[in-house]
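Visitor: Take a look at structure27.txt, compact mmCIF, C-alpha atoms:
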# COMPACT_ATOMS: atom_id res chain seq x y z
CA MET A 274 23.11 42.49 -8.66
CA MET A 275 23.44 39.47 -10.96
CA PHE A 276 19.76 38.62 -10.51
CA GLY A 277 18.89 42.18 -11.47
CA LEU A 278 20.84 41.76 -14.70
CA LEU A 279 18.97 38.55 -15.50
CA ILE A 280 15.45 39.87 -14.85
CA PRO A 281 14.98 41.18 -18.45
CA LEU A 282 16.05 37.81 -19.88
CA ILE A 283 13.54 36.06 -17.61
CA GLY A 284 10.81 38.22 -19.14
CA THR A 285 11.90 37.17 -22.63
CA VAL A 286 12.03 33.47 -21.66
CA LEU A 287 8.55 33.55 -20.12
CA GLY A 288 7.13 35.39 -23.11
CA SER A 289 8.77 33.04 -25.61
CA GLY A 290 7.35 30.11 -23.65
CA MET A 291 3.83 31.19 -24.61
CA VAL A 292 4.40 29.37 -27.90
CA PHE A 293 3.79 26.11 -26.00
CA PHE A 294 0.49 27.28 -24.50
CA LEU A 295 -1.18 29.26 -27.29
CA LYS A 296 -2.60 27.26 -30.18
CA LYS A 297 -2.48 29.98 -32.79
CA ASP A 298 -0.73 33.24 -33.60
CA LEU A 299 -1.65 36.30 -31.56
CA GLY A 300 -4.29 38.43 -33.24
CA VAL A 301 -3.30 41.79 -34.67
CA LEU A 302 -5.33 43.73 -32.10
CA THR A 303 -3.81 41.70 -29.25
CA GLN A 304 -0.32 42.35 -30.59
CA LYS A 305 -1.02 46.08 -30.85
CA ALA A 306 -2.39 46.23 -27.31
CA LEU A 307 0.62 44.35 -25.90
CA LEU A 308 3.09 46.52 -27.82
CA GLY A 309 1.30 49.69 -26.70
CA PHE A 310 1.46 48.54 -23.08
CA ALA A 311 5.15 47.72 -23.45
CA SER A 312 5.75 51.17 -24.94
CA GLY A 313 4.27 52.89 -21.90
CA VAL A 314 6.39 50.81 -19.54
CA MET A 315 9.57 51.55 -21.51
CA ILE A 316 8.94 55.29 -21.72
CA ALA A 317 8.25 55.50 -17.97
CA ALA A 318 11.38 53.48 -17.18
CA GLY A 319 13.47 55.61 -19.53
CA VAL A 320 12.32 58.88 -17.95
CA TRP A 321 12.47 57.95 -14.26
CA SER A 322 15.46 55.58 -14.25
CA LEU A 323 17.63 57.14 -16.98
CA ILE A 324 16.86 60.73 -17.96
CA MET A 325 16.03 62.12 -14.51
CA PRO A 326 19.11 60.53 -12.87
CA SER A 327 21.22 61.84 -15.77
CA ILE A 328 20.07 65.39 -15.08
CA GLU A 329 20.57 65.02 -11.31
CA MET A 330 24.10 63.59 -11.70
CA ALA A 331 25.11 66.36 -14.10
CA GLU A 332 23.88 68.95 -11.59
CA GLU A 333 25.92 67.28 -8.83
CA GLN A 334 29.01 67.38 -11.07
CA GLY A 335 28.55 71.13 -11.61
CA THR A 336 27.68 70.71 -15.29
CA ILE A 337 24.75 72.36 -17.06
CA PRO A 338 22.03 69.89 -15.91
CA TRP A 339 20.26 69.41 -19.24
CA LEU A 340 23.35 69.27 -21.48
CA PRO A 341 24.52 65.65 -20.89
CA ALA A 342 20.92 64.47 -21.05
CA ALA A 343 20.34 66.18 -24.40
CA VAL A 344 23.67 65.14 -25.97
CA GLY A 345 23.48 61.52 -24.77
CA PHE A 346 19.84 61.22 -25.79
CA LEU A 347 20.52 62.32 -29.38
CA LEU A 348 23.61 60.09 -29.64
CA GLY A 349 21.56 57.10 -28.46
CA ILE A 350 19.00 57.69 -31.21
CA ALA A 351 21.78 58.09 -33.80
CA PHE A 352 23.45 54.86 -32.64
CA LEU A 353 20.30 52.76 -33.09
CA LEU A 354 19.56 54.44 -36.41
CA ALA A 355 23.03 53.43 -37.62
CA LEU A 356 22.53 49.82 -36.49
CA ASP A 357 19.13 49.73 -38.19
CA THR A 358 20.75 50.95 -41.40
CA LEU A 359 23.75 48.60 -41.36
CA ILE A 360 22.23 45.29 -40.17
CA PRO A 361 19.65 43.35 -42.23
CA HIS A 362 16.51 42.61 -40.20
CA LEU A 363 12.77 42.10 -40.54
CA HIS A 364 10.06 43.38 -38.22
CA VAL A 365 7.07 41.29 -37.19
CA ASN A 366 4.14 41.67 -39.65
CA ASP A 367 6.42 43.31 -42.24
CA GLU A 368 7.17 41.68 -45.57
CA LYS A 369 10.07 43.87 -46.68
CA PRO A 370 13.36 43.57 -44.75
CA GLU A 371 15.27 46.66 -43.64
CA GLY A 372 19.00 47.32 -43.90
CA PRO A 373 21.36 46.09 -46.63
CA ALA A 374 20.28 43.36 -49.05
CA SER A 375 20.72 39.87 -47.62
CA ASN A 376 19.96 36.22 -48.37
CA LEU A 377 19.21 35.44 -44.73
CA LYS A 378 16.08 33.44 -43.88
CA LYS A 379 12.98 35.33 -42.79
CA SER A 380 13.12 33.72 -39.32
CA THR A 381 16.76 34.77 -38.92
CA MET A 382 15.99 38.37 -39.81
CA LEU A 383 13.04 38.42 -37.41
CA VAL A 384 15.34 37.36 -34.59
CA LEU A 385 17.99 39.87 -35.70
CA ALA A 386 15.43 42.68 -35.46
CA VAL A 387 14.63 41.84 -31.83
CA THR A 388 18.28 41.15 -30.95
CA LEU A 389 19.32 44.47 -32.49
CA HIS A 390 16.87 46.38 -30.33
CA ASN A 391 17.73 44.41 -27.18
CA ILE A 392 21.32 45.72 -27.21
CA PRO A 393 20.47 49.19 -25.82
CA GLU A 394 18.18 47.63 -23.22
CA GLY A 395 21.07 45.49 -21.97
CA MET A 396 23.33 48.54 -21.98
CA ALA A 397 20.72 50.49 -20.02
CA VAL A 398 20.53 47.81 -17.33
CA GLY A 399 24.33 47.65 -17.16
CA VAL A 400 24.62 51.44 -16.86
CA VAL A 401 22.10 51.75 -14.03
CA PHE A 402 23.66 48.91 -12.05
CA ALA A 403 27.12 50.37 -12.68
CA ALA A 404 25.75 53.66 -11.30
CA PHE A 405 24.28 51.75 -8.33
CA SER A 406 27.62 50.05 -7.56
CA ALA A 407 29.30 53.46 -7.76
CA GLN A 408 26.68 54.76 -5.29
CA SER A 409 25.47 57.28 -7.85
CA LEU A 410 22.00 55.73 -8.18
CA GLY A 411 19.65 54.00 -5.77
CA PHE A 412 18.88 50.29 -6.02
CA ALA A 413 15.16 51.01 -6.44
CA ALA A 414 15.76 53.00 -9.65
CA ALA A 415 18.08 50.32 -11.07
CA ALA A 416 15.67 47.51 -10.20
CA ALA A 417 12.70 49.46 -11.57
CA LEU A 418 14.38 49.79 -14.97
CA SER A 419 15.32 46.11 -15.02
CA LEU A 420 11.77 45.08 -14.09
CA GLY A 421 10.27 47.52 -16.60
CA ILE A 422 12.34 46.02 -19.42
CA ALA A 423 11.34 42.51 -18.30
CA ILE A 424 7.66 43.48 -18.47
CA GLN A 425 8.24 44.84 -21.98
CA ASN A 426 10.16 41.71 -22.97
CA PHE A 427 7.29 39.38 -22.07
CA PRO A 428 4.93 40.41 -24.90
CA GLU A 429 7.90 40.91 -27.21
CA GLY A 430 9.09 37.34 -26.58
CA ALA A 431 5.57 35.99 -27.07
CA ILE A 432 5.07 37.87 -30.33
CA ILE A 433 8.40 36.81 -31.84
CA SER A 434 8.05 33.12 -30.88
CA MET A 435 4.43 32.95 -32.05
CA SER A 436 5.33 34.71 -35.30
CA LEU A 437 8.13 32.22 -35.97
CA ALA A 438 5.79 29.31 -35.24
CA GLY A 439 3.24 30.86 -37.61
CA ASN A 440 5.92 30.98 -40.31
CA GLY A 441 6.46 27.23 -40.15
CA GLU A 442 9.14 26.87 -37.47
CA SER A 443 8.68 24.17 -34.80
CA LYS A 444 7.60 25.29 -31.34
CA ASN A 445 10.91 24.21 -29.82
CA LYS A 446 12.89 26.15 -32.43
CA SER A 447 10.61 29.20 -32.10
CA PHE A 448 11.12 29.17 -28.33
CA ALA A 449 14.89 28.79 -28.72
CA PHE A 450 15.07 31.71 -31.18
CA GLY A 451 12.98 33.86 -28.84
CA VAL A 452 15.28 33.13 -25.90
CA LEU A 453 18.37 33.63 -28.06
CA SER A 454 17.21 37.12 -29.01
CA GLY A 455 17.15 38.07 -25.31
CA ILE A 456 20.53 36.65 -24.30
CA VAL A 457 22.24 39.73 -25.72
CA GLU A 458 20.75 41.82 -22.88
CA PRO A 459 22.63 40.32 -19.89
CA VAL A 460 25.76 40.04 -22.07
CA ALA A 461 25.62 43.77 -22.92
CA ALA A 462 24.86 44.57 -19.27
CA VAL A 463 27.85 42.59 -17.96
CA ILE A 464 30.22 44.18 -20.50
CA THR A 465 28.98 47.62 -19.46
CA ILE A 466 29.55 46.88 -15.76
CA LEU A 467 33.06 45.53 -16.46
CA LEU A 468 33.84 48.94 -17.97
CA LYS A 469 32.53 50.69 -14.84
CA ASN A 470 35.78 52.47 -14.02
CA LEU A 471 35.78 54.04 -17.47
CA ILE A 472 32.12 54.99 -17.58
CA VAL A 473 31.55 56.44 -14.09
CA PRO A 474 32.88 59.92 -15.07
CA VAL A 475 30.48 60.05 -18.03
CA LEU A 476 27.47 58.36 -16.40
CA PRO A 477 25.10 61.29 -17.09
CA TYR A 478 25.83 60.94 -20.82
CA LEU A 479 25.55 57.14 -20.81
CA LEU A 480 22.26 57.14 -18.91
CA SER A 481 20.69 59.52 -21.41
CA PHE A 482 22.35 57.62 -24.30
CA ALA A 483 20.53 54.48 -23.15
CA ALA A 484 17.31 56.48 -22.85
CA GLY A 485 17.64 57.76 -26.42
CA ALA A 486 18.36 54.30 -27.76
CA MET A 487 15.39 52.86 -25.86
CA LEU A 488 13.04 55.57 -27.12
CA TYR A 489 14.16 54.79 -30.68
CA VAL A 490 13.21 51.15 -30.06
CA VAL A 491 9.84 52.18 -28.61
CA VAL A 492 8.93 54.34 -31.59
CA GLU A 493 10.41 52.19 -34.35
CA GLU A 494 9.65 48.71 -33.02
CA LEU A 495 6.72 49.04 -30.62
CA ILE A 496 4.58 52.09 -31.41
Please express what this file holds, its structure, as structure tokens.

Guide:
Amino acid sequence: MMFGLLIPLIGTVLGSGMVFFLKKDLGVLTQKALLGFASGVMIAAGVWSLIMPSIEMAEEQGTIPWLPAAVGFLLGIAFLLALDTLIPHLHVNDEKPEGPASNLKKSTMLVLAVTLHNIPEGMAVGVVFAAFSAQSLGFAAAAALSLGIAIQNFPEGAIISMSLAGNGESKNKSFAFGVLSGIVEPVAAVITILLKNLIVPVLPYLLSFAAGAMLYVVVEELI
């Protein structure tokens, strides 16, 4: 299970490591293609490993099947919207920061943007593996989500590290910042699993909550 929790971070580390192999910043078209690919992976993982299991679990619990999925999904979107509003951050290729006014460096806000959106991904991995340990979800579905997020994290890590290097940061520092942005994922996953006894009764809601948060990231950060 622990390896499954670390798979997304491995994707970020490998992507961030591209700063040592690529001589210049990724072109705009390349970035768009990579982000579009990552979006497709994330949407597929969200549907098949989060939303569909949420509906199936609710049906098994005798609840209206679509209700937990709908409620959790909307709450997940609202949660990420609140974080986006309250935390200063800067998206790649944007000049104007989002969130409250801040004197933070541009590189710091770039990392904050990625870190902010990695939180729900870590929660999603933690939720599916908590469901797996509670025998409410198969290992294949949990591993598929973890692998899907890792695939998405590879281009994301490459883009953030290359962008930092293009803004004057050293390659070592750019790589370190890229890796640092991904560490929040296994941390969030472990915290979620430690709360397993509390979350098992509301797993259908939490699975769809993670799906809503991930879709927000896909639309706002990737697409």

Visitor: Just checking: using only C-alpha atoms, which residue out of A:Ala462, A:Ile328, A:Ala343, A:Leu279 ends up closest to A:Ala397?

Guide: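 For A:Ala397, the nearest of the given residues is A:Ala462.
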
Visitor: Nearest to A:Glu493: which of A:Val320, A:Ala415, A:Leu453, A:Leu354 is it, counting only C-alpha atoms?

Guide: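 Checking each of A:Val320, A:Ala415, A:Leu453, A:Leu354 against A:Glu493, counting only C-alpha atoms, the winner is A:Leu354.
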
Visitor: I'd like the contact shell of A:Phe310 - 8 Å cut-off, only C-alpha atoms, skipping same-chain residues fewer than 4 positions apart - returned as a ChimeraX atom specification.

Guide: /A:306,314,425

Visitor: With C-alpha atoms retained, could you export that selection as a PDB file, in the frame of the given file?

Guide:
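Below is the file part-v9.pdb, written as the result:
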ATOM      1  CA  ALA A 306      -2.390  46.230 -27.310  1.00  0.00           C
ATOM      2  CA  VAL A 314       6.390  50.810 -19.540  1.00  0.00           C
ATOM      3  CA  GLN A 425       8.240  44.840 -21.980  1.00  0.00           C
TER       4      GLN A 425
END

Visitor: If you count all atoms listed in the file, which residues fall within 8 Å of stretch 454-456 of chain A, apart from same-chain ones fewer than 5 positions away, as JSON, numbers by chain?

Guide: {"A": [281, 282, 285, 286, 384, 385, 387, 388, 391]}

Visitor: Create the file for the chosen residues now, containing C-alpha atoms and written as a JSON list (two decimals), in the coordinates of the input.

Guide:
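Written output follows (again.json):
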[["chain", "number", "residue", "atom", "x", "y", "z"],
["A", 281, "PRO", "CA", 14.98, 41.18, -18.45],
["A", 282, "LEU", "CA", 16.05, 37.81, -19.88],
["A", 285, "THR", "CA", 11.90, 37.17, -22.63],
["A", 286, "VAL", "CA", 12.03, 33.47, -21.66],
["A", 384, "VAL", "CA", 15.34, 37.36, -34.59],
["A", 385, "LEU", "CA", 17.99, 39.87, -35.70],
["A", 387, "VAL", "CA", 14.63, 41.84, -31.83],
["A", 388, "THR", "CA", 18.28, 41.15, -30.95],
["A", 391, "ASN", "CA", 17.73, 44.41, -27.18]]

Visitor: Using only C-alpha atoms, can you tell me which of A:Leu302, A:Asp357, A:Ala386, A:Met291 comes closest to A:Gly372?

Guide: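 Residue with the minimum atom-to-atom distance to A:Gly372: A:Asp357.
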
Visitor: Can you measure atom CA of A:Tyr489 to atom CA of A:Asn376 for me? One decimal in Å is fine.

Guide: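 Interatomic distance, atom CA of A:Tyr489 to atom CA of A:Asn376: 26.3 Å.
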
Visitor: For atom CA of A:Pro373 and atom CA of A:Glu494, determine how far apart the two atoms are, in Å to one decimal place.

Guide: 18.1 Å

Visitor: Write out as a PyMOL selection string the residues lying within 12 Å of A:Leu295, counting all atoms listed in the file and excluding same-chain residues fewer than 3 positions away.

Guide: chain A and resi 288-292+298-300+431-432+434-436+438-439+444

Visitor: Which residues are near A:Pro341? Cut-off 7 Å, all atoms listed in the file, ignore same chain within fewer than 5 positions. Put them as a PyMOL selection string.

Guide: chain A and resi 331+477-478
